[in-house]
Amino acid sequence: MNNSLRIEWRYPVKSIMGEVVNVCEITEMGLRGDRAYGVVDMETGRLANAKNPKKWPGMFQYRATFVEPVEGGSRPLPPVRITLPNGETVVSNESHLNERLTNSFNRSVRLASPSSFGIEFEVYIPEGIEELENPGTVFSRPSPEETFFDISTVHLITTSTIDTLRSLAPDSRIEPRRFRPNLILEVPNAEGFIEQQWVGKTLIIGDQVQLKITQPTKRCVMTTLAQGDLPNDPEVLRTLVKKNEGSFGVYAEVLRPGTVQVNDVVSIHE
């Protein structure tokens with residue numbers, strides 16, 4: 001198969017909408033600039049997170065982009081511009097940043113960078129999907145130290161998995177942005193949730209980057225939430241739970257960093 005890199009996504013602020021990029025440096029900590037910031041609830045010390053839409057119902061109404069192109073190497077990241085639900089913008093180096101975010105979220109919050117200490121986030125288990133355990137409850141889990149990631153630093157999906165879910169849930173709008181991937185791989189002629197067969201294998205992207213596929217990505221309530229013109233749709237998660245044990249895509253860790261760009265050739269190795 002002639003696999004290739006189709007799209008790259010980066011999310012400068014944890015759990016809000018991000019940006020599509022054509023070229024990106026992948027470091028040992030994932031795509032450079034990915035989850036560089038998080039919104040922290042000052043009351044609990046936990047991350048504001050769309051995984052708990054009961055507390056944070058509007059996370060996907062915010063969008064973050066870097067104000068300048070992100071350069072590689074040791075250069076500092078440029079400031080991040082956050083577009084608020086009312087259309088106003090705030091930049092991460094503004095003096096009244098946290099006050100404006102607090103007013104927008106209607107909760108006392110601050111914009112933070114990852115520290116050497118782990119930070120927790122909350123996850124809501126939605127009701128109405130009988131296959132899920134403990135529906136209607138909330139639990140917390142920590143991000144890996146010095147990150148705002150859920151588990152691993154890179155999340156990828158394939159066109160095969162997208163097409164497979166579309167066939168299983170024909171009445172749902174299955175679009176990649178529902179699943180917040182970093183990388184989408186074009187896999188012509190493949191069928192099914194193909195990337196799950198790559199767990200334990202190495203992906204080579206272009207001439208430099210190597211990724212170790214570590215585990216399937218278990219999905220949560222975030223996949224059901226409205227995003228822009230995408231409607232709220234519990235059937236997305238219900239179908240994944242029934243047909244694929246709740247998984248969609250895979251996590252990966254970086255074995256060899258480097259730069260990748262759209263249309264790079266991707267190969268899979270034992």
# chains A, B, ... in the order shown; residues from 1 in each chain; ligands from 1
>>> residues_around(residues="Leu156 (chain A)", least_positions_apart="4", cutoff="8 Å", atoms="only C-alpha atoms", output="NGL selection string")
:A and (181-185 or 249-252)
>>> select_by_dssp(residues="region 26-234 of chain A", states="helix (DSSP H, G or I)", output="ChimeraX atom specification")
/A:59-61,97-105,159-168,176-179,194-198,221-224,234
>>> closest_atom_pairs(of="region 61-150 of chain A", to="region 209-223 of chain A", cutoff="10 Å", atoms="only C-alpha atoms", output="tab-separated table")
residue	atom	partner	partner_atom	distance
A:Val123	CA	A:Cys220	CA	8.0
A:Tyr124	CA	A:Val221	CA	7.0
A:Ile125	CA	A:Val221	CA	6.7
A:Pro126	CA	A:Val221	CA	6.2
A:Glu127	CA	A:Val221	CA	9.7
>>> closest_residue(among="A:Thr83, A:Ser143, A:Gln197, A:Thr164", to="Glu270 (chain A)", atoms="only C-alpha atoms")
A:Gln197
>>> closest_residue(among="A:Ile119, A:Met42, A:Ile157, A:Val67", to="Asn106 (chain A)", atoms="only C-alpha atoms")
A:Met42
>>> atom_distance(atom1="CA of Gly38 (chain A)", atom2="CA of Thr158 (chain A)")
27.0 Å
>>> closest_residue(among="A:Gln61, A:Ser108, A:Thr259, A:Ser95", to="Ile16 (chain A)", atoms="only C-alpha atoms")
A:Gln61
>>> closest_residue(among="A:Arg10, A:Ala169, A:Phe248, A:Ile268", to="Pro234 (chain A)", atoms="only C-alpha atoms")
A:Ala169
>>> select_by_dssp(residues="region 124-170 of chain A", states="strand (DSSP E or B)", output="ChimeraX atom specification")
/A:124,138-142,154-158
>>> atom_distance(atom1="CA of Glu28 (chain A)", atom2="CA of Gly118 (chain A)")
18.0 Å
>>> residues_around(residues="Thr102 (chain A)", least_positions_apart="3", cutoff="12 Å", atoms="only C-alpha atoms", output="VMD selection string")
chain A and resid 39 to 43 48 84 90 96 to 99 105 to 111
>>> residues_around(residues="Ser15 (chain A)", least_positions_apart="3", cutoff="7 Å", atoms="only C-alpha atoms", output="MDAnalysis selection string")
chainID A and resid 49:50 59
>>> write_last_selection(atoms="C-alpha atoms", output="mmCIF file, in the first residue's frame")
data_model
loop_
_atom_site.group_PDB
_atom_site.id
_atom_site.type_symbol
_atom_site.label_atom_id
_atom_site.label_comp_id
_atom_site.auth_asym_id
_atom_site.auth_seq_id
_atom_site.Cartn_x
_atom_site.Cartn_y
_atom_site.Cartn_z
ATOM 1 C CA ASN A 49 -11.792 19.755 29.790
ATOM 2 C CA ALA A 50 -14.466 18.914 27.221
ATOM 3 C CA MET A 59 -15.069 24.211 25.325
#
>>> residues_around(residues="Gly72 (chain A)", least_positions_apart="2", cutoff="8 Å", atoms="only C-alpha atoms", output="list of chain:residue names")
A:Glu25, A:Arg32, A:Val70, A:Ser74, A:Arg75
>>> residues_around(residues="Asn2 (chain A)", least_positions_apart="5", cutoff="8 Å", atoms="only C-alpha atoms", output="ChimeraX atom specification")
/A:187-188,265-266
>>> atom_distance(atom1="CA of Leu237 (chain A)", atom2="CA of Glu195 (chain A)")
18.4 Å
